[in-house]
$ cat run_36.cif   # mmCIF, C-alpha atoms
data_start
#
loop_
_atom_site.group_PDB
_atom_site.id
_atom_site.type_symbol
_atom_site.label_atom_id
_atom_site.label_comp_id
_atom_site.auth_asym_id
_atom_site.auth_seq_id
_atom_site.Cartn_x
_atom_site.Cartn_y
_atom_site.Cartn_z
ATOM 1 C CA MET B 1 -14.478 -15.379 33.704
ATOM 2 C CA PRO B 2 -13.376 -12.349 35.804
ATOM 3 C CA LEU B 3 -9.727 -11.872 36.573
ATOM 4 C CA SER B 4 -8.420 -12.538 40.043
ATOM 5 C CA ALA B 5 -7.132 -9.722 42.216
ATOM 6 C CA GLU B 6 -3.544 -10.810 41.623
ATOM 7 C CA ARG B 7 -3.927 -10.867 37.847
ATOM 8 C CA LYS B 8 -5.628 -7.472 37.895
ATOM 9 C CA ALA B 9 -2.768 -6.012 39.932
ATOM 10 C CA SER B 10 -0.259 -7.549 37.525
ATOM 11 C CA TYR B 11 -2.154 -6.147 34.534
ATOM 12 C CA PHE B 12 -2.260 -2.646 36.056
ATOM 13 C CA THR B 13 1.454 -2.778 36.803
ATOM 14 C CA GLU B 14 2.266 -3.893 33.261
ATOM 15 C CA PHE B 15 0.077 -1.187 31.684
ATOM 16 C CA LYS B 16 1.638 1.566 33.808
ATOM 17 C CA ASN B 17 5.150 0.343 32.994
ATOM 18 C CA LEU B 18 4.328 0.502 29.285
ATOM 19 C CA LEU B 19 3.029 4.057 29.667
ATOM 20 C CA ASN B 20 6.275 4.973 31.426
ATOM 21 C CA THR B 21 8.567 3.193 28.958
ATOM 22 C CA TYR B 22 7.065 4.145 25.593
ATOM 23 C CA ALA B 23 6.251 7.587 24.203
ATOM 24 C CA LYS B 24 4.321 6.351 21.160
ATOM 25 C CA CYS B 25 1.482 3.932 20.615
ATOM 26 C CA PHE B 26 -1.184 2.862 18.140
ATOM 27 C CA ILE B 27 -4.819 2.448 19.145
ATOM 28 C CA VAL B 28 -5.989 -0.494 17.011
ATOM 29 C CA GLU B 29 -9.356 -2.125 16.407
ATOM 30 C CA ILE B 30 -9.292 -5.921 16.500
ATOM 31 C CA ASP B 31 -12.717 -6.881 15.199
ATOM 32 C CA ASN B 32 -12.752 -10.363 13.634
ATOM 33 C CA VAL B 33 -9.103 -10.949 14.600
ATOM 34 C CA GLY B 34 -8.477 -14.434 15.977
ATOM 35 C CA SER B 35 -6.150 -15.373 18.812
ATOM 36 C CA LYS B 36 -3.745 -17.167 16.446
ATOM 37 C CA GLN B 37 -3.492 -14.115 14.231
ATOM 38 C CA LEU B 38 -2.924 -11.915 17.277
ATOM 39 C CA GLN B 39 -0.199 -14.249 18.489
ATOM 40 C CA ASP B 40 1.543 -14.108 15.094
ATOM 41 C CA THR B 41 1.448 -10.318 15.219
ATOM 42 C CA ARG B 42 3.079 -10.328 18.661
ATOM 43 C CA LYS B 43 5.871 -12.578 17.342
ATOM 44 C CA THR B 44 6.475 -10.314 14.348
ATOM 45 C CA LEU B 45 6.675 -7.211 16.558
ATOM 46 C CA ARG B 46 8.896 -8.814 19.179
ATOM 47 C CA GLY B 47 11.756 -6.451 19.981
ATOM 48 C CA LYS B 48 10.052 -3.588 18.116
ATOM 49 C CA ALA B 49 6.749 -3.037 19.909
ATOM 50 C CA GLU B 50 4.496 -4.342 22.713
ATOM 51 C CA VAL B 51 0.854 -5.330 22.180
ATOM 52 C CA LEU B 52 -1.586 -4.949 25.082
ATOM 53 C CA MET B 53 -5.256 -5.924 25.076
ATOM 54 C CA GLY B 54 -7.872 -5.852 27.801
ATOM 55 C CA LYS B 55 -11.329 -4.800 28.853
ATOM 56 C CA ASN B 56 -12.155 -1.180 28.196
ATOM 57 C CA THR B 57 -13.174 -0.539 31.806
ATOM 58 C CA MET B 58 -9.863 -1.904 33.087
ATOM 59 C CA MET B 59 -7.806 0.064 30.576
ATOM 60 C CA ARG B 60 -9.648 3.312 31.360
ATOM 61 C CA LYS B 61 -9.237 2.757 35.098
ATOM 62 C CA CYS B 62 -5.538 2.017 34.703
ATOM 63 C CA ILE B 63 -4.952 5.171 32.641
ATOM 64 C CA LYS B 64 -6.863 7.273 35.201
ATOM 65 C CA GLU B 65 -4.715 5.926 38.033
ATOM 66 C CA TYR B 66 -1.552 6.600 36.031
ATOM 67 C CA VAL B 67 -2.656 10.210 35.351
ATOM 68 C CA GLU B 68 -3.436 10.701 39.067
ATOM 69 C CA GLU B 69 0.055 9.477 39.928
ATOM 70 C CA ASN B 70 1.568 11.628 37.160
ATOM 71 C CA PRO B 71 -0.566 14.795 36.884
ATOM 72 C CA GLU B 72 1.595 16.301 34.137
ATOM 73 C CA SER B 73 1.234 13.278 31.862
ATOM 74 C CA PRO B 74 -0.704 13.860 28.595
ATOM 75 C CA CYS B 75 -1.895 10.239 28.586
ATOM 76 C CA VAL B 76 -5.323 11.389 29.754
ATOM 77 C CA GLN B 77 -6.224 11.664 26.052
ATOM 78 C CA LEU B 78 -6.120 7.876 25.761
ATOM 79 C CA ILE B 79 -9.114 7.413 28.088
ATOM 80 C CA ASP B 80 -11.648 8.436 25.439
ATOM 81 C CA GLU B 81 -10.027 6.082 22.921
ATOM 82 C CA CYS B 82 -11.000 3.006 24.951
ATOM 83 C CA ARG B 83 -14.260 2.468 23.075
ATOM 84 C CA GLY B 84 -15.162 -0.667 21.179
ATOM 85 C CA ASN B 85 -12.941 -3.682 20.597
ATOM 86 C CA VAL B 86 -9.586 -1.911 20.808
ATOM 87 C CA GLY B 87 -6.058 -2.490 22.031
ATOM 88 C CA PHE B 88 -2.708 -0.697 22.268
ATOM 89 C CA VAL B 89 0.565 -1.232 20.405
ATOM 90 C CA PHE B 90 3.393 0.578 22.225
ATOM 91 C CA THR B 91 6.693 1.461 20.540
ATOM 92 C CA ASN B 92 9.602 3.897 20.575
ATOM 93 C CA GLY B 93 10.625 3.115 17.009
ATOM 94 C CA ASP B 94 9.500 4.350 13.628
ATOM 95 C CA LEU B 95 5.707 4.530 13.461
ATOM 96 C CA GLY B 96 5.736 3.970 9.711
ATOM 97 C CA ALA B 97 7.601 0.664 10.022
ATOM 98 C CA ILE B 98 5.252 -0.606 12.741
ATOM 99 C CA LYS B 99 2.269 0.464 10.619
ATOM 100 C CA GLU B 100 3.534 -1.649 7.704
ATOM 101 C CA VAL B 101 3.871 -4.711 9.953
ATOM 102 C CA LEU B 102 0.355 -4.322 11.354
ATOM 103 C CA GLU B 103 -1.235 -3.833 7.941
ATOM 104 C CA ALA B 104 0.676 -6.746 6.402
ATOM 105 C CA ASN B 105 -0.590 -9.268 8.964
ATOM 106 C CA THR B 106 -4.064 -9.890 7.537
ATOM 107 C CA ARG B 107 -6.072 -13.060 6.931
ATOM 108 C CA PRO B 108 -8.827 -13.800 4.382
ATOM 109 C CA ALA B 109 -12.203 -14.532 5.925
ATOM 110 C CA PRO B 110 -15.639 -15.578 4.613
ATOM 111 C CA ALA B 111 -18.607 -13.227 4.647
ATOM 112 C CA LYS B 112 -20.767 -13.862 7.714
ATOM 113 C CA VAL B 113 -24.466 -13.067 7.837
ATOM 114 C CA GLY B 114 -25.092 -9.743 9.577
ATOM 115 C CA SER B 115 -21.469 -8.564 9.482
ATOM 116 C CA VAL B 116 -20.660 -5.138 8.047
ATOM 117 C CA ALA B 117 -18.684 -5.310 4.811
ATOM 118 C CA PRO B 118 -15.325 -3.520 5.177
ATOM 119 C CA THR B 119 -14.920 -3.355 1.373
ATOM 120 C CA ASP B 120 -16.950 -3.705 -1.804
ATOM 121 C CA VAL B 121 -17.374 -7.263 -3.077
ATOM 122 C CA ILE B 122 -17.420 -7.781 -6.849
ATOM 123 C CA VAL B 123 -17.882 -11.311 -8.203
ATOM 124 C CA GLU B 124 -16.206 -11.707 -11.575
ATOM 125 C CA LYS B 125 -17.981 -13.297 -14.513
ATOM 126 C CA GLY B 126 -17.224 -16.861 -15.543
ATOM 127 C CA PRO B 127 -18.117 -20.459 -14.673
ATOM 128 C CA THR B 128 -19.390 -21.020 -11.147
ATOM 129 C CA GLY B 129 -19.174 -24.810 -10.868
ATOM 130 C CA CYS B 130 -22.876 -24.962 -9.878
ATOM 131 C CA ASP B 131 -25.227 -27.361 -11.659
ATOM 132 C CA PRO B 132 -28.145 -25.989 -13.752
ATOM 133 C CA GLY B 133 -30.614 -26.908 -11.008
ATOM 134 C CA GLN B 134 -29.426 -23.932 -8.940
ATOM 135 C CA THR B 135 -30.367 -21.314 -11.528
ATOM 136 C CA ALA B 136 -33.255 -20.035 -9.370
ATOM 137 C CA PHE B 137 -30.772 -19.145 -6.620
ATOM 138 C CA PHE B 138 -28.918 -16.762 -8.964
ATOM 139 C CA GLN B 139 -32.187 -15.331 -10.261
ATOM 140 C CA THR B 140 -33.150 -14.410 -6.689
ATOM 141 C CA LEU B 141 -30.032 -12.262 -6.481
ATOM 142 C CA GLN B 142 -30.780 -10.814 -9.957
ATOM 143 C CA ILE B 143 -27.588 -12.222 -11.453
ATOM 144 C CA ALA B 144 -27.628 -12.900 -15.203
ATOM 145 C CA THR B 145 -26.450 -16.422 -16.032
ATOM 146 C CA LYS B 146 -26.300 -18.983 -18.813
ATOM 147 C CA ILE B 147 -25.694 -22.716 -18.998
ATOM 148 C CA THR B 148 -22.310 -23.674 -20.429
ATOM 149 C CA ARG B 149 -20.979 -27.249 -20.516
ATOM 150 C CA GLY B 150 -23.370 -28.452 -17.886
ATOM 151 C CA GLN B 151 -22.745 -25.688 -15.334
ATOM 152 C CA ILE B 152 -23.979 -22.194 -14.573
ATOM 153 C CA GLU B 153 -21.857 -19.348 -15.902
ATOM 154 C CA MET B 154 -22.171 -15.695 -14.890
ATOM 155 C CA VAL B 155 -22.247 -13.485 -17.974
ATOM 156 C CA ALA B 156 -21.114 -10.238 -16.303
ATOM 157 C CA ASP B 157 -19.278 -8.982 -13.235
ATOM 158 C CA THR B 158 -21.664 -8.516 -10.307
ATOM 159 C CA HIS B 159 -21.334 -5.871 -7.589
ATOM 160 C CA LEU B 160 -22.652 -8.143 -4.873
ATOM 161 C CA ILE B 161 -21.972 -6.226 -1.632
ATOM 162 C CA VAL B 162 -21.446 -2.494 -1.079
ATOM 163 C CA LYS B 163 -18.930 -1.324 1.517
ATOM 164 C CA GLY B 164 -20.663 -0.538 4.811
ATOM 165 C CA ASP B 165 -23.747 -2.701 4.127
ATOM 166 C CA LYS B 166 -24.649 -5.738 6.205
ATOM 167 C CA VAL B 167 -24.166 -9.111 4.557
ATOM 168 C CA THR B 168 -27.454 -10.905 3.864
ATOM 169 C CA ALA B 169 -28.037 -14.645 4.054
ATOM 170 C CA SER B 170 -28.320 -14.976 0.243
ATOM 171 C CA GLN B 171 -25.080 -13.081 -0.346
ATOM 172 C CA ALA B 172 -23.204 -15.157 2.218
ATOM 173 C CA ALA B 173 -24.610 -18.393 0.739
ATOM 174 C CA LEU B 174 -23.547 -17.405 -2.798
ATOM 175 C CA LEU B 175 -20.001 -16.564 -1.720
ATOM 176 C CA GLN B 176 -19.832 -19.866 0.131
ATOM 177 C CA LYS B 177 -21.000 -21.768 -2.975
ATOM 178 C CA LEU B 178 -18.335 -20.027 -5.050
ATOM 179 C CA ASP B 179 -15.703 -20.654 -2.347
ATOM 180 C CA ILE B 180 -14.849 -16.949 -2.090
ATOM 181 C CA CYS B 181 -13.414 -15.330 1.044
ATOM 182 C CA PRO B 182 -13.917 -11.664 0.156
ATOM 183 C CA PHE B 183 -12.724 -9.930 3.314
ATOM 184 C CA LEU B 184 -9.277 -9.424 4.821
ATOM 185 C CA TYR B 185 -9.203 -8.957 8.577
ATOM 186 C CA GLY B 186 -6.370 -7.669 10.710
ATOM 187 C CA MET B 187 -5.535 -4.941 13.175
ATOM 188 C CA SER B 188 -7.172 -1.753 11.929
ATOM 189 C CA LEU B 189 -5.332 1.436 12.874
ATOM 190 C CA LYS B 190 -7.677 3.862 14.605
ATOM 191 C CA SER B 191 -5.494 6.568 16.184
ATOM 192 C CA VAL B 192 -1.858 7.371 16.891
ATOM 193 C CA TYR B 193 -0.392 8.769 20.107
ATOM 194 C CA ASP B 194 3.024 10.393 19.751
ATOM 195 C CA ASN B 195 4.690 12.259 22.641
ATOM 196 C CA GLY B 196 1.459 13.773 23.919
ATOM 197 C CA SER B 197 -0.157 14.352 20.501
ATOM 198 C CA LEU B 198 -3.164 12.285 19.459
ATOM 199 C CA PHE B 199 -4.139 12.195 15.786
ATOM 200 C CA ASP B 200 -5.849 10.018 13.198
ATOM 201 C CA ALA B 201 -3.837 7.128 11.753
ATOM 202 C CA LYS B 202 -4.417 8.413 8.202
ATOM 203 C CA VAL B 203 -1.841 11.116 8.902
ATOM 204 C CA LEU B 204 0.885 8.461 8.576
ATOM 205 C CA GLU B 205 -0.070 8.018 4.922
ATOM 206 C CA ILE B 206 1.393 11.472 4.229
ATOM 207 C CA THR B 207 4.927 10.685 3.026
ATOM 208 C CA ASP B 208 7.831 13.030 2.231
ATOM 209 C CA ASP B 209 6.985 12.808 -1.483
ATOM 210 C CA VAL B 210 3.421 13.945 -0.805
ATOM 211 C CA LEU B 211 4.629 16.867 1.311
ATOM 212 C CA THR B 212 7.151 17.888 -1.353
ATOM 213 C CA ALA B 213 4.522 17.840 -4.095
ATOM 214 C CA GLN B 214 2.067 19.867 -2.002
ATOM 215 C CA PHE B 215 4.776 22.393 -1.102
ATOM 216 C CA CYS B 216 5.822 22.868 -4.734
ATOM 217 C CA GLU B 217 2.199 23.325 -5.781
ATOM 218 C CA ALA B 218 1.604 25.962 -3.088
ATOM 219 C CA LEU B 219 4.865 27.699 -4.016
ATOM 220 C CA GLY B 220 3.753 27.913 -7.642
ATOM 221 C CA ILE B 221 0.389 29.409 -6.641
ATOM 222 C CA LEU B 222 2.097 31.970 -4.406
ATOM 223 C CA ALA B 223 4.472 32.975 -7.213
ATOM 224 C CA SER B 224 1.563 33.406 -9.651
ATOM 225 C CA ILE B 225 -0.351 35.632 -7.227
ATOM 226 C CA SER B 226 2.754 37.723 -6.501
ATOM 227 C CA LEU B 227 3.492 38.249 -10.198
ATOM 228 C CA ALA B 228 -0.113 39.170 -10.959
ATOM 229 C CA ALA B 229 -0.263 41.632 -8.049
ATOM 230 C CA GLY B 230 3.157 43.128 -8.790
ATOM 231 C CA PHE B 231 4.264 42.409 -5.232
ATOM 232 C CA PRO B 232 7.717 40.736 -5.091
ATOM 233 C CA THR B 233 8.219 37.766 -2.793
ATOM 234 C CA GLN B 234 10.880 35.093 -2.443
ATOM 235 C CA ALA B 235 8.718 32.798 -4.562
ATOM 236 C CA SER B 236 8.270 35.309 -7.409
ATOM 237 C CA VAL B 237 11.748 36.901 -7.569
ATOM 238 C CA PRO B 238 13.307 34.062 -9.666
ATOM 239 C CA HIS B 239 10.460 34.375 -12.184
ATOM 240 C CA SER B 240 10.845 38.165 -12.251
ATOM 241 C CA LEU B 241 14.579 37.845 -12.988
ATOM 242 C CA VAL B 242 13.938 35.404 -15.831
ATOM 243 C CA ASN B 243 11.256 37.655 -17.330
ATOM 244 C CA ALA B 244 13.582 40.679 -17.085
ATOM 245 C CA PHE B 245 16.372 38.776 -18.833
ATOM 246 C CA LYS B 246 13.991 37.833 -21.641
ATOM 247 C CA MET B 247 13.037 41.484 -22.154
ATOM 248 C CA VAL B 248 16.689 42.656 -22.189
ATOM 249 C CA LEU B 249 17.592 39.847 -24.575
ATOM 250 C CA SER B 250 14.777 40.671 -26.995
ATOM 251 C CA VAL B 251 15.898 44.326 -27.142
ATOM 252 C CA THR B 252 19.581 43.418 -27.551
ATOM 253 C CA ILE B 253 18.924 41.063 -30.464
ATOM 254 C CA GLU B 254 17.244 43.893 -32.398
ATOM 255 C CA LEU B 255 20.248 46.183 -31.920
ATOM 256 C CA ASP B 256 23.174 46.156 -34.349
ATOM 257 C CA THR B 257 25.641 48.147 -32.275
ATOM 258 C CA TYR B 258 25.310 46.614 -28.827
ATOM 259 C CA SER B 259 25.456 43.140 -27.328
ATOM 260 C CA PHE B 260 26.685 41.319 -24.225
ATOM 261 C CA ALA B 261 28.240 37.918 -23.603
ATOM 262 C CA GLU B 262 25.074 36.122 -22.530
ATOM 263 C CA ALA B 263 23.211 37.310 -25.635
ATOM 264 C CA ASP B 264 25.896 36.282 -28.140
ATOM 265 C CA GLN B 265 24.977 32.606 -28.183
ATOM 266 C CA TYR B 266 21.322 33.436 -28.839
ATOM 267 C CA GLU B 267 22.290 35.735 -31.720
ATOM 268 C CA GLU B 268 24.489 33.033 -33.226
ATOM 269 C CA TYR B 269 21.634 30.566 -32.987
ATOM 270 C CA LEU B 270 19.239 32.923 -34.777
ATOM 271 C CA LYS B 271 21.802 33.570 -37.548
ATOM 272 C CA ASP B 272 22.655 29.907 -38.171
ATOM 273 C CA PRO B 273 20.621 27.284 -36.232
ATOM 274 C CA SER B 274 22.484 24.468 -38.032
ATOM 275 C CA LYS B 275 25.572 25.105 -35.899
ATOM 276 C CA PHE B 276 23.675 23.902 -32.852
ATOM 277 C CA ALA B 277 22.223 20.797 -34.550
ATOM 278 C CA GLY B 278 23.341 17.442 -33.199
ATOM 279 C CA SER B 279 26.023 15.555 -35.105
ATOM 280 C CA GLY B 280 24.769 12.079 -34.188
ATOM 281 C CA GLY B 281 21.901 10.962 -36.393
ATOM 282 C CA GLY B 282 22.010 13.388 -39.334
ATOM 283 C CA GLY B 283 25.798 13.662 -39.737
ATOM 284 C CA GLY B 284 26.336 10.154 -41.040
ATOM 285 C CA GLY B 285 23.546 10.362 -43.573
ATOM 286 C CA GLY B 286 25.679 11.946 -46.319
ATOM 287 C CA ASP B 287 28.373 9.251 -46.240
ATOM 288 C CA ALA B 288 25.784 6.523 -46.175
ATOM 289 C CA ALA B 289 24.040 8.030 -49.194
ATOM 290 C CA ALA B 290 27.304 8.500 -51.104
ATOM 291 C CA ALA B 291 28.414 4.896 -50.712
ATOM 292 C CA PRO B 292 25.769 3.385 -53.062
ATOM 293 C CA VAL B 293 26.660 5.945 -55.753
ATOM 294 C CA GLU B 294 30.293 4.903 -55.694
ATOM 295 C CA GLU B 295 29.290 1.242 -55.884
ATOM 296 C CA GLU B 296 27.059 1.939 -58.890
ATOM 297 C CA GLU B 297 29.923 3.711 -60.685
ATOM 298 C CA GLU B 298 32.233 0.757 -60.090
ATOM 299 C CA GLU B 299 29.622 -1.653 -61.467
ATOM 300 C CA GLU B 300 29.247 0.458 -64.629
ATOM 301 C CA GLU B 301 32.999 0.427 -65.197
ATOM 302 C CA GLU B 302 33.158 -3.340 -64.779
ATOM 303 C CA GLU B 303 30.324 -3.823 -67.241
ATOM 304 C CA ALA B 304 31.950 -1.500 -69.822
ATOM 305 C CA ALA B 305 35.361 -3.212 -69.737
ATOM 306 C CA PRO B 306 34.546 -6.445 -71.654
ATOM 307 C CA GLN B 307 33.018 -4.536 -74.625
ATOM 308 C CA GLY B 308 36.427 -3.890 -76.227
ATOM 309 C CA GLY B 309 37.966 -7.320 -75.494
ATOM 310 C CA GLY B 310 38.687 -9.992 -78.071
ATOM 311 C CA LEU B 311 37.532 -13.530 -78.200
ATOM 312 C CA PHE B 312 40.592 -14.820 -76.307
ATOM 313 C CA GLY B 313 40.635 -12.142 -73.645
ATOM 314 C CA ASP B 314 42.913 -9.643 -75.394
ATOM 315 C CA ASP B 315 42.055 -6.005 -75.074
ATOM 316 C CA GLY B 316 41.260 -5.387 -78.773
ATOM 317 C CA ASP B 317 44.605 -3.642 -79.567
ATOM 318 C CA GLY B 318 46.212 -6.795 -80.984
ATOM 319 C CA GLY B 319 47.005 -7.498 -84.642
ATOM 320 C CA ASP B 320 44.677 -8.719 -87.373
ATOM 321 C CA TYR B 321 43.967 -12.373 -87.936
#

$ encode --input "run_36.cif" --output "structure tokens"
Amino acid sequence: MPLSAERKASYFTEFKNLLNTYAKCFIVEIDNVGSKQLQDTRKTLRGKAEVLMGKNTMMRKCIKEYVEENPESPCVQLIDECRGNVGFVFTNGDLGAIKEVLEANTRPAPAKVGSVAPTDVIVEKGPTGCDPGQTAFFQTLQIATKITRGQIEMVADTHLIVKGDKVTASQAALLQKLDICPFLYGMSLKSVYDNGSLFDAKVLEITDDVLTAQFCEALGILASISLAAGFPTQASVPHSLVNAFKMVLSVTIELDTYSFAEADQYEEYLKDPSKFAGSGGGGGGGDAAAAPVEEEEEEEEEEAAPQGGGLFGDDGDGGDY
């Protein structure tokens, strides 16, 4: 049912206000997302972001009018994004936090005939709960089975559906028999608009840890090239200083008449490495080993004492009977 003129005017006003108020937004795809799920997402984002849906023609027209009213606005990039079943999520907060909320609000759904699989579907081996009379159905799908305790059992994991393929009637029927809902549907992030810049949503997956690791790797490569070429850079200078110290140290250790403070500890280590050994585990070994020896000596003395004693406990130095 087409919108009335009043509702269209209200929609245009709301869209333009959002473009004025917010500097960031997500362009999201809402295929297979129900109205209840969309409503729950709005509640979760309340106070953090605004969700706006509409017909592509209306959204493109509204953006064009806004750009005509504000010629310097970079929002013209959003016109080409209004393709397919899409919507906008406007925010001024952290894009990463909003991304987590959108990705967390998903719902399991059954496989429908003709729909494109968003992920691979692998059915694990085990009992299926189907009676032996349905064996032919599994044979049609080339699934190896056996009869166990009056029911069909799959003997191996089966890669039933490949990501990007359309679901066939047999595949959908099998998943329905097994009561499996293989897909998770929610708002899929398509693009991100941030203060005039439009980029793919995958960019948000690059965290500070990823950037740090990539930077350290590039720094190591740059230092290796600089050292090999003999051309000093800020990345290679620390390595050059360490290598120079090693060379000076190796020469100093071979000399008998010259040394310096930093080389003394290395010379002491080479002369007697035991001084630098830890005193934790090995230090107590000698005392522990000595204790049994002392105990054995005491036992020998106790055993030797009664040999000289008399019948009534005297020590053998008493008089004759």

$ closest_residue --input "run_36.cif" --among "B:Val210, B:Leu204, B:Ala109, B:Ala261" --to "Asp94 in chain B" --atoms "only C-alpha atoms"
B:Leu204

$ closest_residue --input "run_36.cif" --among "B:Gly54, B:Ile143, B:Lys48, B:Gly196" --to "Glu72 in chain B" --atoms "only C-alpha atoms"
B:Gly196

$ resolve_selection --input "run_36.cif" --expression "the PyMOL selection byres ((chain B and resi 153) around 6)" --output "list in words"
Gly126, Pro127, Thr128, Thr145, Lys146, Ile147, Ile152 and Met154 of chain B

$ write_last_selection --input "run_36.cif" --atoms "C-alpha atoms" --output "PDB file, in the coordinates of the input"
ATOM      1  CA  GLY B 126     -17.224 -16.861 -15.543  1.00  0.00           C
ATOM      2  CA  PRO B 127     -18.117 -20.459 -14.673  1.00  0.00           C
ATOM      3  CA  THR B 128     -19.390 -21.020 -11.147  1.00  0.00           C
ATOM      4  CA  THR B 145     -26.450 -16.422 -16.032  1.00  0.00           C
ATOM      5  CA  LYS B 146     -26.300 -18.983 -18.813  1.00  0.00           C
ATOM      6  CA  ILE B 147     -25.694 -22.716 -18.998  1.00  0.00           C
ATOM      7  CA  ILE B 152     -23.979 -22.194 -14.573  1.00  0.00           C
ATOM      8  CA  MET B 154     -22.171 -15.695 -14.890  1.00  0.00           C
TER       9      MET B 154
END

$ residues_around --input "run_36.cif" --residues "range 197-199 of chain B" --least-positions-apart "6" --cutoff "12 Å" --atoms "only C-alpha atoms" --output "JSON, numbers by chain"
{"B": [23, 24, 25, 26, 27, 73, 74, 75, 76, 77, 78, 79, 80, 81, 189, 190, 191]}

$ atom_distance --input "run_36.cif" --atom1 "CA of Asn195 in chain B" --atom2 "CA of Arg42 in chain B"
23.0 Å

$ closest_residue --input "run_36.cif" --among "B:Leu102, B:Val237, B:Glu205, B:Ala263" --to "Leu249 in chain B" --atoms "all atoms listed in the file"
B:Ala263

$ resolve_selection --input "run_36.cif" --expression "the PyMOL selection byres ((chain B and resi 4-10) around 12)" --output "MDAnalysis selection string"
chainID B and resid 1:3 11:17 54:55 57:59 61:62

$ closest_residue --input "run_36.cif" --among "B:Leu95, B:Ile63, B:Val167, B:Val248" --to "Cys82 in chain B" --atoms "all atoms listed in the file"
B:Ile63

$ atom_distance --input "run_36.cif" --atom1 "CA of Pro118 in chain B" --atom2 "CA of Ala144 in chain B"
25.6 Å

$ atom_distance --input "run_36.cif" --atom1 "CA of Thr168 in chain B" --atom2 "CA of Ser35 in chain B"
26.4 Å

$ closest_residue --input "run_36.cif" --among "B:Ala201, B:Leu211, B:Val121, B:Ala111" --to "Gly96 in chain B" --atoms "all atoms listed in the file"
B:Ala201

$ closest_residue --input "run_36.cif" --among "B:Leu19, B:Leu141, B:Val203, B:Val116" --to "Val67 in chain B" --atoms "only C-alpha atoms"
B:Leu19

$ residues_around --input "run_36.cif" --residues "range 251-254 of chain B" --least-positions-apart "5" --cutoff "9 Å" --atoms "all atoms listed in the file" --output "PDB file with C-alpha atoms, in the frame of the given file"
ATOM      1  CA  LYS B 246      13.991  37.833 -21.641  1.00  0.00           C
ATOM      2  CA  SER B 259      25.456  43.140 -27.328  1.00  0.00           C
ATOM      3  CA  PHE B 260      26.685  41.319 -24.225  1.00  0.00           C
ATOM      4  CA  ALA B 263      23.211  37.310 -25.635  1.00  0.00           C
ATOM      5  CA  ASP B 264      25.896  36.282 -28.140  1.00  0.00           C
ATOM      6  CA  TYR B 266      21.322  33.436 -28.839  1.00  0.00           C
ATOM      7  CA  GLU B 267      22.290  35.735 -31.720  1.00  0.00           C
TER       8      GLU B 267
END

$ residues_near_point --input "run_36.cif" --point "(-19.3, -2.1, 5.7)" --cutoff "10 Å" --atoms "all atoms listed in the file" --output "PyMOL selection string"
chain B and resi 115-120+161-167

$ residues_around --input "run_36.cif" --residues "Asn56 in chain B" --least-positions-apart "6" --cutoff "8 Å" --atoms "all atoms listed in the file" --output "ChimeraX atom specification"
/B:82-84,86

$ resolve_selection --input "run_36.cif" --expression "the PyMOL selection byres ((chain B and resi 132) around 6)" --output "JSON list (two decimals) with C-alpha atoms, in the frame of the given file"
[["chain", "number", "residue", "atom", "x", "y", "z"],
["B", 131, "ASP", "CA", -25.23, -27.36, -11.66],
["B", 133, "GLY", "CA", -30.61, -26.91, -11.01],
["B", 134, "GLN", "CA", -29.43, -23.93, -8.94],
["B", 135, "THR", "CA", -30.37, -21.31, -11.53],
["B", 151, "GLN", "CA", -22.74, -25.69, -15.33],
["B", 152, "ILE", "CA", -23.98, -22.19, -14.57]]

$ residues_around --input "run_36.cif" --residues "Glu124 in chain B" --least-positions-apart "4" --cutoff "12 Å" --atoms "only C-alpha atoms" --output "VMD selection string"
chain B and resid 128 143 153 to 160 175 178 180 182

$ decode --input "run_36.cif" --residues "range 266-272 of chain B" --atoms "N, CA, C and O atoms" --output "PDB file, in the first residue's frame"
ATOM      1  N   TYR B 266      80.503 -10.604  31.731  1.00  0.00           N
ATOM      2  CA  TYR B 266      80.584 -11.693  30.753  1.00  0.00           C
ATOM      3  C   TYR B 266      81.852 -12.513  30.957  1.00  0.00           C
ATOM      4  O   TYR B 266      81.848 -13.744  30.822  1.00  0.00           O
ATOM      5  N   GLU B 267      82.966 -11.832  31.305  1.00  0.00           N
ATOM      6  CA  GLU B 267      84.207 -12.546  31.569  1.00  0.00           C
ATOM      7  C   GLU B 267      84.073 -13.429  32.807  1.00  0.00           C
ATOM      8  O   GLU B 267      84.570 -14.567  32.834  1.00  0.00           O
ATOM      9  N   GLU B 268      83.419 -12.901  33.840  1.00  0.00           N
ATOM     10  CA  GLU B 268      83.221 -13.704  35.047  1.00  0.00           C
ATOM     11  C   GLU B 268      82.366 -14.929  34.756  1.00  0.00           C
ATOM     12  O   GLU B 268      82.613 -16.017  35.291  1.00  0.00           O
ATOM     13  N   TYR B 269      81.375 -14.760  33.900  1.00  0.00           N
ATOM     14  CA  TYR B 269      80.522 -15.895  33.559  1.00  0.00           C
ATOM     15  C   TYR B 269      81.306 -16.981  32.812  1.00  0.00           C
ATOM     16  O   TYR B 269      81.150 -18.175  33.068  1.00  0.00           O
ATOM     17  N   LEU B 270      82.177 -16.555  31.893  1.00  0.00           N
ATOM     18  CA  LEU B 270      82.963 -17.529  31.137  1.00  0.00           C
ATOM     19  C   LEU B 270      83.979 -18.248  32.024  1.00  0.00           C
ATOM     20  O   LEU B 270      84.282 -19.423  31.814  1.00  0.00           O
ATOM     21  N   LYS B 271      84.514 -17.538  33.053  1.00  0.00           N
ATOM     22  CA  LYS B 271      85.476 -18.167  33.955  1.00  0.00           C
ATOM     23  C   LYS B 271      84.804 -19.161  34.891  1.00  0.00           C
ATOM     24  O   LYS B 271      85.339 -20.244  35.152  1.00  0.00           O
ATOM     25  N   ASP B 272      83.641 -18.803  35.439  1.00  0.00           N
ATOM     26  CA  ASP B 272      82.969 -19.679  36.396  1.00  0.00           C
ATOM     27  C   ASP B 272      81.457 -19.537  36.237  1.00  0.00           C
ATOM     28  O   ASP B 272      80.820 -18.714  36.904  1.00  0.00           O
TER      29      ASP B 272
END
